Amino acid sequence: MTQRKRLYNVQSSSQSKRQSNSFMTQEEDEDATFTQPSTSQVQRGMEKLTPAQVDQRTAEVVQYILVKDQKKIPVRRADLVKHVIKDYRTVFPEIIKRATRIFEQVFGLKLVEIDSKNHMYILVNNLDSAVARASPVVCPNNPKMGLLFVILSVIFMKGGVVRENLIWNTLKKLRVDPGQRHEEFGDVRKVVTDEFVRQRYLEYVRIPHTEPVEYEFRWGQRSDVEVSKAQILEFMGQLHEQDPRSWSQQYREAHSTPSSSQASSSNHR
């Protein structure tokens, strides 16, 4: 029985990686068909549209991104163009610029491009102070975000990359066994290696030349933008009743590269 369960876990993990790779290949192919319009093309396109038409399409883009953000799934430029922008392609940069302004002025959010190669966008809180920012990960309002916070903390404290066995063993100590269905999280292994990876909170990467195959975890692009390492270190200090400065390497990293500076504004050119 144990051997069958182990075999099932290996097969599920491999299937998950194949699906992820297939998704990325399809994603790159779709986006390759879109060419970013030049400034002159945008100007000519705007001359053919009424202000009301541009405002309406901008509102649809804002609504689409807000809906996607509820599931914390990054929005792909290819999907925006295909499902929302459609025949307004020539004015895409202007629509995104207007949508960005609406997010900032109306919702207090910032539209950030976290992957300049595949053109993926997320929304983050647009507050001046990174410390004051109530990140859904650092200030979890649901159990899954609490689970993610633990994993990100382990990765950060271990130097930025850890083998998956260390994560599973840590979770087992917290009575969250990836080999058993959890009443709150369901399939823990799937949540961590599939859901958190698709949301770009984690990277789950195969370690070369390992037999049997092994994987390692790193922070994902969304975590780099949303999560304050200083807050994680503060939490660890409280947990262990220890001064955060006693972890000198982590303390330097947390305070030399604040999360607010990691979030680069989206490049729409």
# chains A, B, ... in the order shown; residues from 1 in each chain; ligands from 1

$ select_by_dssp --residues "segment 55-176 of chain A" --states "strand (DSSP E)" --output "ChimeraX atom specification"
/A:75-76,109-115,120-125,161-163

$ residues_around --residues "Leu233 of chain A" --least-positions-apart "6" --cutoff "10 Å" --atoms "only C-alpha atoms" --output "list in words"
Ser153, Phe156, Met157, Leu239, Asp243, Pro244, Arg245, Trp247, Gln250, Tyr251 and Ala254 of chain A

$ atom_distance --atom1 "atom CA of Val192 of chain A" --atom2 "atom CA of Asp79 of chain A"
24.7 Å

$ residues_around --residues "segment 67-72 of chain A" --least-positions-apart "4" --cutoff "8 Å" --atoms "only C-alpha atoms" --output "count of residues only"
4

$ select_by_dssp --residues "segment 136-189 of chain A" --states "alpha helix (DSSP H)" --output "PyMOL selection string"
chain A and resi 143-157+164-173+188-189

$ write_last_selection --atoms "N, CA, C and O atoms" --output "CSV table (one decimal), in the first residue's frame"
chain,number,residue,atom,x,y,z
A,143,PRO,N,-6.5,30.0,5.4
A,143,PRO,CA,-5.6,29.0,5.8
A,143,PRO,C,-4.5,28.7,4.7
A,143,PRO,O,-3.3,28.5,5.0
A,144,LYS,N,-4.9,28.8,3.4
A,144,LYS,CA,-3.9,28.5,2.4
A,144,LYS,C,-2.8,29.5,2.4
A,144,LYS,O,-1.6,29.2,2.2
A,145,MET,N,-3.1,30.8,2.6
A,145,MET,CA,-2.1,31.8,2.7
A,145,MET,C,-1.2,31.6,3.9
A,145,MET,O,0.0,31.9,3.8
A,146,GLY,N,-1.7,31.1,5.0
A,146,GLY,CA,-0.9,30.7,6.1
A,146,GLY,C,0.1,29.6,5.8
A,146,GLY,O,1.2,29.7,6.2
A,147,LEU,N,-0.4,28.6,5.0
A,147,LEU,CA,0.4,27.5,4.6
A,147,LEU,C,1.5,28.1,3.7
A,147,LEU,O,2.7,27.7,3.9
A,148,LEU,N,1.2,28.9,2.8
A,148,LEU,CA,2.2,29.5,1.9
A,148,LEU,C,3.2,30.3,2.7
A,148,LEU,O,4.4,30.3,2.4
A,149,PHE,N,2.8,31.0,3.7
A,149,PHE,CA,3.7,31.9,4.5
A,149,PHE,C,4.8,31.0,5.2
A,149,PHE,O,5.9,31.4,5.2
A,150,VAL,N,4.3,29.8,5.7
A,150,VAL,CA,5.3,28.9,6.3
A,150,VAL,C,6.3,28.5,5.3
A,150,VAL,O,7.5,28.5,5.6
A,151,ILE,N,5.9,28.1,4.1
A,151,ILE,CA,6.8,27.6,3.1
A,151,ILE,C,7.8,28.7,2.6
A,151,ILE,O,9.0,28.5,2.5
A,152,LEU,N,7.3,29.9,2.4
A,152,LEU,CA,8.1,31.0,2.0
A,152,LEU,C,9.2,31.3,3.1
A,152,LEU,O,10.3,31.7,2.8
A,153,SER,N,8.7,31.2,4.4
A,153,SER,CA,9.6,31.5,5.5
A,153,SER,C,10.8,30.5,5.5
A,153,SER,O,12.0,30.9,5.7
A,154,VAL,N,10.5,29.2,5.3
A,154,VAL,CA,11.5,28.2,5.3
A,154,VAL,C,12.5,28.4,4.2
A,154,VAL,O,13.7,28.4,4.3
A,155,ILE,N,12.0,28.7,3.0
A,155,ILE,CA,12.9,29.0,1.8
A,155,ILE,C,13.8,30.2,2.1
A,155,ILE,O,15.0,30.1,1.8
A,156,PHE,N,13.2,31.3,2.6
A,156,PHE,CA,14.0,32.5,2.9
A,156,PHE,C,15.1,32.2,3.9
A,156,PHE,O,16.3,32.6,3.7
A,157,MET,N,14.7,31.5,5.0
A,157,MET,CA,15.7,31.3,6.1
A,157,MET,C,16.8,30.3,5.7
A,157,MET,O,17.9,30.3,6.3
A,164,GLU,N,12.6,19.8,-1.9
A,164,GLU,CA,11.2,19.6,-1.6
A,164,GLU,C,11.0,18.7,-0.3
A,164,GLU,O,10.1,18.9,0.4
A,165,ASN,N,12.0,17.8,-0.1
A,165,ASN,CA,11.8,17.0,1.1
A,165,ASN,C,11.8,17.8,2.4
A,165,ASN,O,11.1,17.4,3.4
A,166,LEU,N,12.6,18.9,2.4
A,166,LEU,CA,12.7,19.7,3.6
A,166,LEU,C,11.3,20.4,3.8
A,166,LEU,O,10.8,20.5,5.0
A,167,ILE,N,10.7,20.8,2.7
A,167,ILE,CA,9.3,21.4,2.9
A,167,ILE,C,8.3,20.4,3.4
A,167,ILE,O,7.5,20.7,4.3
A,168,TRP,N,8.3,19.2,2.8
A,168,TRP,CA,7.4,18.2,3.2
A,168,TRP,C,7.6,17.8,4.7
A,168,TRP,O,6.6,17.6,5.5
A,169,ASN,N,8.8,17.7,5.1
A,169,ASN,CA,9.1,17.3,6.5
A,169,ASN,C,8.7,18.4,7.5
A,169,ASN,O,8.2,18.2,8.6
A,170,THR,N,8.9,19.7,7.0
A,170,THR,CA,8.5,20.8,7.9
A,170,THR,C,6.9,20.8,8.0
A,170,THR,O,6.4,21.0,9.1
A,171,LEU,N,6.2,20.6,7.0
A,171,LEU,CA,4.8,20.6,7.0
A,171,LEU,C,4.3,19.4,7.9
A,171,LEU,O,3.3,19.5,8.6
A,172,LYS,N,5.0,18.3,7.8
A,172,LYS,CA,4.6,17.1,8.6
A,172,LYS,C,4.6,17.4,10.1
A,172,LYS,O,3.8,17.0,10.9
A,173,LYS,N,5.7,18.2,10.5
A,173,LYS,CA,5.8,18.6,11.9
A,173,LYS,C,4.6,19.5,12.3
A,173,LYS,O,4.3,19.6,13.5
A,188,VAL,N,-2.6,18.4,-0.3
A,188,VAL,CA,-1.6,19.3,0.0
A,188,VAL,C,-0.5,19.4,-1.0
A,188,VAL,O,-0.1,20.5,-1.4
A,189,ARG,N,-0.1,18.3,-1.5
A,189,ARG,CA,1.0,18.3,-2.5
A,189,ARG,C,0.5,19.1,-3.8
A,189,ARG,O,1.3,19.8,-4.4

$ residues_around --residues "segment 99-101 of chain A" --least-positions-apart "3" --cutoff "8 Å" --atoms "only C-alpha atoms" --output "list in words"
Thr58, Ala59, Val61, Val62, Ile95, Ile96, Glu104, Gln105, Lys110 and Leu111 of chain A

$ residues_around --residues "segment 88-92 of chain A" --least-positions-apart "5" --cutoff "8 Å" --atoms "only C-alpha atoms" --output "PyMOL selection string"
chain A and resi 36-37+41-43+45-46+81

$ atom_distance --atom1 "atom CA of Glu216 of chain A" --atom2 "atom CA of Gly160 of chain A"
10.3 Å

$ atom_distance --atom1 "atom CA of Tyr121 of chain A" --atom2 "atom CA of Val75 of chain A"
5.0 Å
